[in-house]
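Novice: Structure file structure21.txt (compact mmCIF, C-alpha atoms) is given on the next line.
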# COMPACT_ATOMS: atom_id res chain seq x y z
CA MET A 1 100.94 138.01 107.82
CA GLU A 2 104.17 137.15 106.03
CA ASN A 3 103.29 133.45 106.07
CA LEU A 4 99.85 134.15 104.64
CA LEU A 5 101.36 136.39 101.96
CA ASN A 6 103.79 133.65 100.95
CA PHE A 7 100.91 131.16 100.84
CA PHE A 8 98.94 133.49 98.50
CA ILE A 9 101.99 133.92 96.25
CA GLU A 10 102.41 130.16 95.99
CA THR A 11 98.72 129.43 95.35
CA GLY A 12 98.69 132.23 92.75
CA LYS A 13 100.92 129.99 90.63
CA LEU A 14 97.81 127.96 89.79
CA LYS A 15 96.56 130.94 87.78
CA SER A 16 99.13 130.21 85.10
CA LYS A 17 99.50 126.41 85.35
CA LYS A 18 97.76 124.91 82.35
CA ARG A 19 95.95 121.62 82.81
CA LYS A 20 97.94 118.73 81.40
CA GLY A 21 95.05 116.78 79.84
CA TRP A 22 94.40 119.58 77.35
CA ILE A 23 98.08 120.05 76.53
CA PHE A 24 98.31 116.30 75.79
CA ARG A 25 95.42 116.68 73.34
CA GLY A 26 96.85 119.73 71.62
CA VAL A 27 94.23 122.24 72.82
CA ARG A 28 95.64 125.73 72.19
CA GLU A 29 95.74 128.11 75.14
CA PRO A 30 93.90 125.70 77.46
CA GLU A 31 92.40 126.58 80.81
CA THR A 32 94.58 126.74 83.92
CA ILE A 33 94.12 124.87 87.19
CA ALA A 34 92.77 128.05 88.83
CA SER A 35 90.22 128.64 86.09
CA HIS A 36 88.90 125.09 86.55
CA THR A 37 88.66 125.77 90.29
CA PHE A 38 86.80 129.03 89.69
CA ARG A 39 83.93 127.52 87.69
CA MET A 40 83.84 124.44 89.85
CA ALA A 41 83.31 126.59 92.95
CA ILE A 42 80.47 128.48 91.25
CA MET A 43 78.88 125.20 90.14
CA SER A 44 79.28 123.66 93.61
CA TRP A 45 77.52 126.60 95.20
CA LEU A 46 74.61 126.85 92.78
CA LEU A 47 74.04 123.12 92.28
CA SER A 48 74.18 122.24 95.99
CA ARG A 49 71.38 124.60 97.04
CA ARG A 50 68.62 122.00 96.88
CA ARG A 51 70.46 119.14 98.57
CA GLY A 52 70.73 119.96 102.28
CA LEU A 53 74.49 120.22 101.99
CA ASN A 54 76.82 122.51 103.94
CA ILE A 55 77.54 125.19 101.31
CA ASN A 56 80.25 126.83 103.41
CA LYS A 57 82.15 123.56 103.52
CA ILE A 58 81.49 122.79 99.85
CA LEU A 59 82.82 126.16 98.72
CA LYS A 60 85.96 125.89 100.83
CA MET A 61 86.49 122.34 99.60
CA SER A 62 86.09 123.35 95.95
CA LEU A 63 88.50 126.26 96.39
CA THR A 64 91.15 124.10 98.05
CA HIS A 65 90.75 120.75 96.26
CA ASP A 66 93.58 121.35 93.77
CA LEU A 67 95.91 123.49 95.91
CA CYS A 68 98.28 120.53 96.25
CA GLU A 69 98.95 120.87 92.51
CA VAL A 70 101.14 123.91 93.19
CA TYR A 71 103.88 121.38 93.97
CA ALA A 72 102.43 118.01 92.90
CA GLY A 73 101.32 119.14 89.42
CA ASP A 74 98.10 117.82 87.94
CA THR A 75 97.61 114.19 87.00
CA THR A 76 95.50 112.54 84.34
CA PRO A 77 94.17 108.96 84.17
CA TYR A 78 96.52 108.39 81.22
CA ASP A 79 99.83 109.33 82.89
CA LYS A 80 100.95 105.75 83.53
CA ILE A 81 100.04 104.35 80.14
CA LEU A 82 101.28 106.98 77.69
CA PRO A 83 104.09 105.70 75.46
CA LYS A 84 107.09 107.94 74.76
CA ASP A 85 106.23 108.17 71.09
CA LYS A 86 103.56 110.87 70.83
CA LYS A 87 102.35 109.43 67.51
CA HIS A 88 100.40 106.79 69.46
CA TRP A 89 98.81 109.21 71.91
CA LYS A 90 95.69 110.02 69.88
CA LYS A 91 94.69 106.36 69.73
CA ILE A 92 95.10 106.05 73.49
CA PHE A 93 93.02 109.16 74.18
CA ASP A 94 90.17 107.75 72.10
CA LYS A 95 89.41 105.26 74.88
CA TRP A 96 88.85 105.52 78.62
CA PRO A 97 91.83 103.71 80.21
CA ARG A 98 90.92 100.35 81.74
CA LEU A 99 93.14 99.05 84.51
CA SER A 100 93.08 96.12 86.89
CA LYS A 101 91.84 96.70 90.44
CA LYS A 102 95.41 96.35 91.71
CA GLU A 103 96.68 98.95 89.25
CA LYS A 104 93.86 101.33 90.20
CA GLU A 105 94.72 100.98 93.89
CA LYS A 106 98.42 101.52 93.24
CA ILE A 107 97.78 104.67 91.20
CA PHE A 108 95.26 106.05 93.71
CA LEU A 109 97.58 105.53 96.69
CA GLY A 110 100.62 106.92 94.85
CA LYS A 111 98.71 110.05 93.84
CA TYR A 112 97.28 110.46 97.35
CA LYS A 113 100.74 110.25 98.94
CA LYS A 114 102.32 112.69 96.49
CA GLU A 115 99.50 115.23 96.81
CA ASN A 116 99.35 114.89 100.59
CA GLU A 117 103.05 115.70 100.86
CA ALA A 118 102.65 118.66 98.50
CA LEU A 119 99.74 120.04 100.53
CA ASN A 120 101.67 119.63 103.78
CA LYS A 121 104.56 121.59 102.27
CA LEU A 122 102.24 124.33 100.97
CA THR A 123 100.35 124.78 104.25
CA LEU A 124 103.30 124.22 106.59
CA LYS A 125 103.55 127.79 107.83
CA LEU A 126 99.86 128.62 107.96
CA PRO A 127 98.19 129.08 111.37
CA SER A 128 97.42 125.62 112.70
CA VAL A 129 93.61 126.04 112.51
CA LEU A 130 93.76 126.89 108.81
CA LYS A 131 96.35 124.23 108.07
CA LYS A 132 94.17 121.61 109.73
CA GLU A 133 91.03 122.78 107.98
CA ILE A 134 92.59 122.78 104.50
CA ARG A 135 94.12 119.33 105.01
CA ASN A 136 90.84 117.91 106.36
CA LEU A 137 88.83 119.35 103.48
CA TRP A 138 91.25 117.88 100.95
CA ALA A 139 91.26 114.41 102.59
CA ASP A 140 87.44 114.46 102.70
CA TYR A 141 87.32 115.34 98.98
CA GLU A 142 89.87 112.70 97.98
CA LYS A 143 88.31 109.90 100.02
CA GLY A 144 84.66 111.01 99.76
CA LEU A 145 84.26 110.77 103.52
CA THR A 146 81.19 113.00 103.87
CA LYS A 147 78.28 113.85 101.61
CA GLU A 148 79.99 117.17 100.83
CA GLY A 149 83.22 115.36 99.92
CA ARG A 150 81.36 113.01 97.59
CA PHE A 151 79.42 115.88 96.03
CA VAL A 152 82.53 117.99 95.34
CA ARG A 153 84.38 114.99 93.90
CA GLN A 154 81.54 114.53 91.41
CA ILE A 155 81.29 118.26 90.62
CA ASP A 156 85.02 118.23 89.83
CA ARG A 157 84.41 115.65 87.09
CA VAL A 158 81.24 117.34 85.84
CA GLU A 159 83.06 120.68 85.42
CA ASN A 160 85.75 118.80 83.55
CA LEU A 161 83.10 117.25 81.28
CA LEU A 162 81.60 120.68 80.59
CA GLN A 163 85.04 122.05 79.65
CA ALA A 164 85.73 119.01 77.46
CA LEU A 165 82.39 119.50 75.69
CA GLU A 166 83.17 123.18 75.06
CA TYR A 167 86.58 122.39 73.51
CA TRP A 168 85.14 119.40 71.62
CA ASP A 169 82.22 121.44 70.31
CA ALA A 170 84.54 124.17 69.01
CA LYS A 171 87.00 122.00 67.06
CA LYS A 172 86.19 118.27 67.44
CA GLN A 173 89.92 117.71 67.84
CA PHE A 174 89.63 114.83 70.30
CA ALA A 175 87.20 112.03 71.15
CA ILE A 176 84.57 112.97 73.74
CA GLU A 177 83.62 109.35 74.58
CA PRO A 178 86.07 108.85 77.48
CA TRP A 179 84.56 111.77 79.42
CA TRP A 180 81.04 110.39 79.11
CA ILE A 181 82.13 106.90 80.12
CA GLN A 182 83.89 108.24 83.20
CA ILE A 183 80.84 110.28 84.18
CA GLU A 184 78.39 107.39 83.75
CA GLU A 185 80.51 105.27 86.09
CA LEU A 186 81.11 108.00 88.67
CA VAL A 187 78.15 110.31 89.13
CA ASP A 188 75.26 109.18 91.32
CA ASN A 189 74.02 112.45 92.76
CA PRO A 190 70.46 113.07 91.46
CA ILE A 191 70.96 116.80 90.84
CA LEU A 192 74.17 116.16 88.94
CA LEU A 193 72.52 113.38 86.93
CA GLU A 194 69.85 115.90 85.97
CA PHE A 195 72.54 118.45 85.08
CA ILE A 196 74.28 115.87 82.89
CA LYS A 197 71.04 115.39 80.96
CA ALA A 198 71.08 119.14 80.30
CA LEU A 199 74.68 118.88 79.05
CA GLU A 200 73.69 116.07 76.72
CA LYS A 201 70.79 118.07 75.34
CA LYS A 202 72.93 121.18 74.80
CA PHE A 203 75.94 119.58 73.13
CA HIS A 204 74.65 116.41 71.48
CA ARG A 205 71.11 117.06 70.31
CA LYS A 206 71.48 120.12 68.14
CA MET B 1 67.55 114.90 107.08
CA GLU B 2 66.81 112.46 104.26
CA GLU B 3 65.58 109.04 105.38
CA LYS B 4 67.15 106.85 102.75
CA LYS B 5 68.71 103.44 103.13
CA PHE B 6 72.50 103.29 103.12
CA TYR B 7 73.91 100.05 101.73
CA LEU B 8 77.21 99.24 103.37
CA THR B 9 79.65 96.37 103.50
CA LYS B 10 80.50 95.04 106.97
CA GLU B 11 83.86 96.85 106.85
CA GLY B 12 82.18 100.05 105.70
CA LEU B 13 79.65 99.97 108.54
CA GLU B 14 82.38 99.22 111.09
CA ARG B 15 84.40 102.18 109.80
CA ILE B 16 81.37 104.47 110.13
CA LYS B 17 80.65 103.24 113.67
CA LYS B 18 84.28 103.73 114.68
CA GLU B 19 84.34 107.26 113.30
CA TYR B 20 81.11 108.02 115.16
CA GLN B 21 82.57 106.82 118.45
CA ASP B 22 85.88 108.68 117.89
CA LEU B 23 84.04 111.91 117.11
CA LYS B 24 81.78 111.52 120.12
CA ASN B 25 84.88 111.17 122.31
CA LEU B 26 86.42 114.21 120.64
CA LYS B 27 83.29 116.26 121.24
CA PHE B 28 83.29 115.21 124.89
CA SER B 29 86.92 116.23 125.36
CA LYS B 30 86.34 119.54 123.52
CA THR B 31 83.31 120.54 125.56
CA LYS B 32 84.68 119.34 128.89
CA GLY B 33 87.03 122.35 129.02
CA GLY B 34 84.04 124.67 128.64
CA VAL B 35 83.12 126.92 125.74
CA PRO B 36 84.95 130.27 125.90
CA LYS B 37 82.59 132.99 127.04
CA LEU B 38 81.92 135.35 124.17
CA TRP B 39 80.17 137.91 126.35
CA GLU B 40 83.33 138.62 128.31
CA SER B 41 84.67 140.67 125.42
CA GLU B 42 83.09 143.11 123.00
CA ASP B 43 85.47 141.93 120.27
CA LEU B 44 84.95 138.68 118.47
CA ASN B 45 87.54 136.26 119.67
CA PRO B 46 89.06 134.45 116.68
CA GLU B 47 89.90 131.48 118.86
CA TYR B 48 86.29 131.21 119.96
CA LEU B 49 85.10 131.46 116.35
CA SER B 50 87.37 128.71 115.12
CA PHE B 51 86.37 126.55 118.06
CA GLN B 52 82.71 127.17 117.36
CA GLU B 53 83.15 126.41 113.67
CA ASP B 54 85.04 123.26 114.49
CA LEU B 55 82.32 122.19 116.88
CA SER B 56 79.51 122.83 114.43
CA PHE B 57 81.40 120.78 111.81
CA LEU B 58 81.78 118.08 114.38
CA GLU B 59 78.11 118.13 115.27
CA ALA B 60 77.00 118.08 111.63
CA ARG B 61 79.20 115.07 110.98
CA LEU B 62 77.95 113.31 114.11
CA ALA B 63 74.34 113.83 113.01
CA GLU B 64 75.17 112.52 109.53
CA LEU B 65 76.88 109.42 110.92
CA GLU B 66 74.02 108.78 113.32
CA ASN B 67 71.56 108.91 110.42
CA ILE B 68 73.69 106.51 108.39
CA VAL B 69 73.95 103.97 111.21
CA LYS B 70 70.20 104.24 111.84
CA ASN B 71 69.37 103.60 108.18
CA ALA B 72 72.21 101.23 107.32
CA GLU B 73 71.50 98.02 105.45
CA LEU B 74 74.31 95.50 105.41
CA ILE B 75 75.37 94.16 102.01
CA LYS B 76 75.37 90.38 102.25
CA SER B 77 76.39 87.63 99.88
CA PRO B 78 73.31 86.24 98.13
CA PRO B 79 72.53 82.49 98.41
CA LYS B 80 74.64 80.30 96.14
CA GLU B 81 71.90 79.86 93.52
CA LYS B 82 71.70 83.63 93.09
CA GLN B 83 75.44 84.33 92.91
CA ASN B 84 75.30 84.31 89.11
CA ILE B 85 73.24 87.52 89.23
CA ILE B 86 74.73 90.98 89.80
CA ASN B 87 73.62 92.50 93.06
CA LEU B 88 75.18 94.86 95.59
CA GLY B 89 78.53 93.52 96.67
CA ALA B 90 79.24 91.71 93.40
CA THR B 91 82.64 92.08 91.79
CA VAL B 92 82.09 92.07 88.06
CA LEU B 93 84.55 91.48 85.28
CA VAL B 94 83.38 93.29 82.15
CA GLU B 95 84.68 93.87 78.66
CA VAL B 96 84.24 97.40 77.38
CA ASP B 97 85.44 98.48 73.97
CA GLY B 98 87.82 95.52 73.75
CA GLN B 99 89.35 96.10 77.19
CA ASN B 100 88.74 94.28 80.47
CA ASP B 101 87.75 96.12 83.62
CA GLU B 102 86.64 95.06 87.07
CA PHE B 103 84.13 96.81 89.33
CA THR B 104 82.62 96.09 92.69
CA ILE B 105 79.07 97.37 93.03
CA VAL B 106 78.69 99.21 96.33
CA GLY B 107 76.37 101.75 97.94
CA THR B 108 76.96 105.46 97.40
CA LEU B 109 78.90 105.89 100.67
CA GLU B 110 81.65 103.48 99.64
CA ALA B 111 81.79 104.29 95.93
CA ASN B 112 85.15 105.32 94.53
CA PRO B 113 85.62 104.49 90.82
CA ALA B 114 89.33 105.34 91.12
CA LEU B 115 89.50 102.23 93.32
CA GLY B 116 87.13 100.16 91.17
CA LYS B 117 84.09 100.69 93.43
CA ILE B 118 81.01 101.80 91.51
CA SER B 119 77.86 103.18 93.10
CA ASN B 120 74.64 101.20 92.61
CA GLU B 121 72.99 104.60 91.94
CA SER B 122 75.33 105.58 89.09
CA PRO B 123 74.01 104.97 85.54
CA VAL B 124 76.44 102.08 84.92
CA GLY B 125 75.92 100.57 88.39
CA ARG B 126 72.14 100.73 88.00
CA LEU B 127 72.21 99.09 84.57
CA LEU B 128 74.48 96.24 85.63
CA LEU B 129 72.23 95.17 88.52
CA ASP B 130 70.22 91.96 87.99
CA HIS B 131 72.25 90.89 84.93
CA ARG B 132 74.17 87.62 84.48
CA VAL B 133 77.35 86.37 82.82
CA GLY B 134 76.98 86.60 79.05
CA ASP B 135 74.58 89.56 79.18
CA GLU B 136 75.43 92.78 77.37
CA VAL B 137 74.41 96.06 78.91
CA THR B 138 74.29 99.22 76.83
CA VAL B 139 74.76 102.66 78.30
CA SER B 140 73.41 104.97 75.68
CA SER B 141 73.45 108.53 76.83
CA PRO B 142 74.77 110.10 74.70
CA ILE B 143 77.52 107.73 73.53
CA GLN B 144 76.65 104.05 73.16
CA THR B 145 78.92 101.92 75.32
CA ILE B 146 78.48 98.16 75.65
CA TYR B 147 79.48 96.35 78.83
CA LYS B 148 79.85 92.59 78.27
CA ILE B 149 79.58 90.71 81.56
CA LYS B 150 82.29 88.04 81.75
CA LYS B 151 82.47 87.04 85.40
CA ILE B 152 80.59 87.66 88.65
CA ARG B 153 81.87 86.85 92.10
CA TYR B 154 81.07 87.72 95.69
CA ARG B 155 83.82 88.32 98.18
CA ILE B 156 81.86 89.75 101.09
CA SER B 157 83.10 88.82 104.52
Please express the file's structure as structure tokens.
Specialist:
Amino acid sequence: MENLLNFFIETGKLKSKKRKGWIFRGVREPETIASHTFRMAIMSWLLSRRRGLNINKILKMSLTHDLCEVYAGDTTPYDKILPKDKKHWKKIFDKWPRLSKKEKEKIFLGKYKKENEALNKLTLKLPSVLKKEIRNLWADYEKGLTKEGRFVRQIDRVENLLQALEYWDAKKQFAIEPWWIQIEELVDNPILLEFIKALEKKFHRK
Amino acid sequence: MEEKKFYLTKEGLERIKKEYQDLKNLKFSKTKGGVPKLWESEDLNPEYLSFQEDLSFLEARLAELENIVKNAELIKSPPKEKQNIINLGATVLVEVDGQNDEFTIVGTLEANPALGKISNESPVGRLLLDHRVGDEVTVSSPIQTIYKIKKIRYRIS
């Protein structure tokens, strides 16, 4: 029990860790990593009902996909290209970052390694069945190994788009284009493509 | 289970087949020891439950892999005269908003935009298909983004 308790205390830290992308853009009192996980899990459950997917696995995967960030912190696609001088940041955030294939691979592998180590540290003292399950779910999500892994990876981005649209709609304090570009290159699930149309209608055709 | 075609590169199909074989071996070794007998105890045995859950995961994955192999279509390089047209397997250099980017168009199973692999079923992947160098493709929902096609090549083994 003590090991489980310690695990819950550590994962509880995500309730107060604010997501870096919003801090970079000057959003006041932005959402935390846990609040992103909460809505993502709800969306995963309700949007996967019609797709013949394993909901049990999808929910567990959604709930655990960012646990590694307790120690690894969250990352954004801009981390490697942000200059020290914050005056230039706005211009950079106006565009979706374009990198060479080599750079993409390097960033992906570096992030994977860092997060894998963080997750191993976090789950080290859990019973071996749980440890194995959490690590497998995370690897499936990161690599998109199964249809559930690919679905949750897309839901993660769609929840992020919804949050971006809500902040953008309230204050228009940052460019929304990069989120749409990322989504149009990433999402291929028919239900999520339909959901994205609904987002477009709600936030862009008023 | 859905009967759709799965477009895979040779490496992708080999990886799927290897996973299928590995999991089949794992299932064999798991079941060889015999499933614990639930009826021997009134209480639910947590070990039995985790084993059962593991096994049902395993079986679901095996069924999924079997379906993929059954419906797999290998992505092949097109004949030389058609290599100037974007098809599955093409690596495309594009210019977007003044910046260069490079994508390989793959089937949904191998897509990973973080690694530059775009699904042929994504809006951008779908729009790029059948275009040539010099073409401009506009993704217009809801922000207009223009993809200028600068180079197409095929590196399929």
Novice: Could you list, with a cut-off of 6 Å and counting only C-alpha atoms, the residues of chain B near chain A, each shown with its nearest atom pair and the distance in Å rounded to one decimal, rows sorted by chain and ascending number, as JSON lines?
Specialist:
{"residue": "B:Asp101", "atom": "CA", "partner": "A:Arg98", "partner_atom": "CA", "distance": 5.6}
{"residue": "B:Leu115", "atom": "CA", "partner": "A:Glu105", "partner_atom": "CA", "distance": 5.4}
{"residue": "B:Gly116", "atom": "CA", "partner": "A:Lys101", "partner_atom": "CA", "distance": 5.9}
{"residue": "B:Glu121", "atom": "CA", "partner": "A:Asp188", "partner_atom": "CA", "distance": 5.1}
{"residue": "B:Ser122", "atom": "CA", "partner": "A:Asp188", "partner_atom": "CA", "distance": 4.2}
{"residue": "B:Pro123", "atom": "CA", "partner": "A:Glu184", "partner_atom": "CA", "distance": 5.3}
{"residue": "B:Val124", "atom": "CA", "partner": "A:Glu185", "partner_atom": "CA", "distance": 5.3}
Novice: Just how far from CA of Leu14 in chain A is CA of Glu117 in chain A, in Å to one decimal?
Specialist: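 If I compute the distance from CA of Glu117 in chain A to CA of Leu14 in chain A, I get 17.3 Å.
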Novice: Anything within 6 Å of (79.2, 103.0, 97.9): list those residues as a PyMOL selection string, counting all atoms listed in the file and sticking to the file's coordinates.
Specialist: chain B and resi 106-111+119
Novice: Contacts of range 12-26 of chain B at 10 Å or less, counting all atoms listed in the file, minus same-chain residues fewer than 5 places along, as a ChimeraX atom specification?
Specialist: /A:145 /B:6-7,31-32,55,58-59,61-66,68-69,72-75,107,109-110
Novice: Keeping only C-alpha atoms, write the selected residues as a PDB file, in the coordinates of the input.
Specialist:
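Contents of out33.pdb, as written:
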ATOM      1  CA  LEU A 145      84.260 110.770 103.520  1.00  0.00           C
TER       2      LEU A 145
ATOM      3  CA  PHE B   6      72.500 103.290 103.120  1.00  0.00           C
ATOM      4  CA  TYR B   7      73.910 100.050 101.730  1.00  0.00           C
ATOM      5  CA  THR B  31      83.310 120.540 125.560  1.00  0.00           C
ATOM      6  CA  LYS B  32      84.680 119.340 128.890  1.00  0.00           C
ATOM      7  CA  LEU B  55      82.320 122.190 116.880  1.00  0.00           C
ATOM      8  CA  LEU B  58      81.780 118.080 114.380  1.00  0.00           C
ATOM      9  CA  GLU B  59      78.110 118.130 115.270  1.00  0.00           C
ATOM     10  CA  ARG B  61      79.200 115.070 110.980  1.00  0.00           C
ATOM     11  CA  LEU B  62      77.950 113.310 114.110  1.00  0.00           C
ATOM     12  CA  ALA B  63      74.340 113.830 113.010  1.00  0.00           C
ATOM     13  CA  GLU B  64      75.170 112.520 109.530  1.00  0.00           C
ATOM     14  CA  LEU B  65      76.880 109.420 110.920  1.00  0.00           C
ATOM     15  CA  GLU B  66      74.020 108.780 113.320  1.00  0.00           C
ATOM     16  CA  ILE B  68      73.690 106.510 108.390  1.00  0.00           C
ATOM     17  CA  VAL B  69      73.950 103.970 111.210  1.00  0.00           C
ATOM     18  CA  ALA B  72      72.210 101.230 107.320  1.00  0.00           C
ATOM     19  CA  GLU B  73      71.500  98.020 105.450  1.00  0.00           C
ATOM     20  CA  LEU B  74      74.310  95.500 105.410  1.00  0.00           C
ATOM     21  CA  ILE B  75      75.370  94.160 102.010  1.00  0.00           C
ATOM     22  CA  GLY B 107      76.370 101.750  97.940  1.00  0.00           C
ATOM     23  CA  LEU B 109      78.900 105.890 100.670  1.00  0.00           C
ATOM     24  CA  GLU B 110      81.650 103.480  99.640  1.00  0.00           C
TER      25      GLU B 110
END
Novice: Using Å and a single decimal, report how far CA of Val158 in chain A sits from CA of Ser62 in chain A.
Specialist: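 We find that CA of Ser62 in chain A and CA of Val158 in chain A lie 12.7 Å from each other.
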Novice: Hey, can you check how far CA of Gly21 in chain A sits from CA of Asn120 in chain B?
Specialist: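 Value for the CA of Gly21 in chain A-CA of Asn120 in chain B distance: 28.7 Å.
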Novice: My list of candidates is A:Phe8, A:Phe195, A:Tyr112, A:Phe24. Which is closest to Lys87 in chain A when distances are computed with only C-alpha atoms?
Specialist: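 The shortest atom-to-atom distance to Lys87 in chain A comes from A:Phe24.
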Novice: I need the residue nearest Gly12 in chain A from this list: A:Leu67, A:Asp169, A:Lys114, A:Leu124. Use only C-alpha atoms for the distance.
Specialist: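 Selected residue with least distance to Gly12 in chain A: A:Leu67.
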Novice: Which residue gives the smallest distance to Met40 in chain A among A:Glu115, A:Glu159, A:Asp66, A:Asp94, with only C-alpha atoms counted?
Specialist: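 Answer, going by the shortest atom-to-atom distance: A:Glu159.
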Novice: When you look at Arg153 in chain B with a cut-off of 10 Å (counting all atoms listed in the file), what residues show up, excluding the ones that are within fewer than 4 positions of it in the same chain? I need them as a PDB file with C-alpha atoms, in the frame of the given file.
Specialist:
ATOM      1  CA  SER B  77      76.390  87.630  99.880  1.00  0.00           C
ATOM      2  CA  GLN B  83      75.440  84.330  92.910  1.00  0.00           C
ATOM      3  CA  ASN B  84      75.300  84.310  89.110  1.00  0.00           C
ATOM      4  CA  ILE B  85      73.240  87.520  89.230  1.00  0.00           C
ATOM      5  CA  ILE B  86      74.730  90.980  89.800  1.00  0.00           C
ATOM      6  CA  GLY B  89      78.530  93.520  96.670  1.00  0.00           C
ATOM      7  CA  ALA B  90      79.240  91.710  93.400  1.00  0.00           C
ATOM      8  CA  THR B  91      82.640  92.080  91.790  1.00  0.00           C
ATOM      9  CA  VAL B  92      82.090  92.070  88.060  1.00  0.00           C
ATOM     10  CA  LEU B  93      84.550  91.480  85.280  1.00  0.00           C
ATOM     11  CA  THR B 104      82.620  96.090  92.690  1.00  0.00           C
TER      12      THR B 104
END
Novice: Taking 5 positions as the minimum chain separation for residues in the same chain, which residues sit within 12 Å of Gln173 in chain A when counting all atoms listed in the file? Answer as a list in words.
Specialist: Trp22, Phe24, Arg25, Gly26, Val27, Arg28, Lys90, Phe93, Asp94, Ala164, Leu165, Glu166, Tyr167 and Trp168 of chain A
Novice: Is it possible to get the residues within 8 Å of (92.8, 128.1, 84.1) (coordinates as in the file, counting only C-alpha atoms) written as a ChimeraX atom specification?
Specialist: /A:14-19,30-37
Novice: Give me a file of those residues, with C-alpha atoms, as a PDB file, in the frame of the given file.
Specialist:
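Output saved as selection27.pdb:
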ATOM      1  CA  LEU A  14      97.810 127.960  89.790  1.00  0.00           C
ATOM      2  CA  LYS A  15      96.560 130.940  87.780  1.00  0.00           C
ATOM      3  CA  SER A  16      99.130 130.210  85.100  1.00  0.00           C
ATOM      4  CA  LYS A  17      99.500 126.410  85.350  1.00  0.00           C
ATOM      5  CA  LYS A  18      97.760 124.910  82.350  1.00  0.00           C
ATOM      6  CA  ARG A  19      95.950 121.620  82.810  1.00  0.00           C
ATOM      7  CA  PRO A  30      93.900 125.700  77.460  1.00  0.00           C
ATOM      8  CA  GLU A  31      92.400 126.580  80.810  1.00  0.00           C
ATOM      9  CA  THR A  32      94.580 126.740  83.920  1.00  0.00           C
ATOM     10  CA  ILE A  33      94.120 124.870  87.190  1.00  0.00           C
ATOM     11  CA  ALA A  34      92.770 128.050  88.830  1.00  0.00           C
ATOM     12  CA  SER A  35      90.220 128.640  86.090  1.00  0.00           C
ATOM     13  CA  HIS A  36      88.900 125.090  86.550  1.00  0.00           C
ATOM     14  CA  THR A  37      88.660 125.770  90.290  1.00  0.00           C
TER      15      THR A  37
END
Novice: So, with all atoms listed in the file as the atoms that count, which of B:Lys30, B:His131, B:Lys82, B:Lys5 lies closest to Tyr154 in chain B?
Specialist: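 Smallest distance to Tyr154 in chain B is found for B:Lys82.
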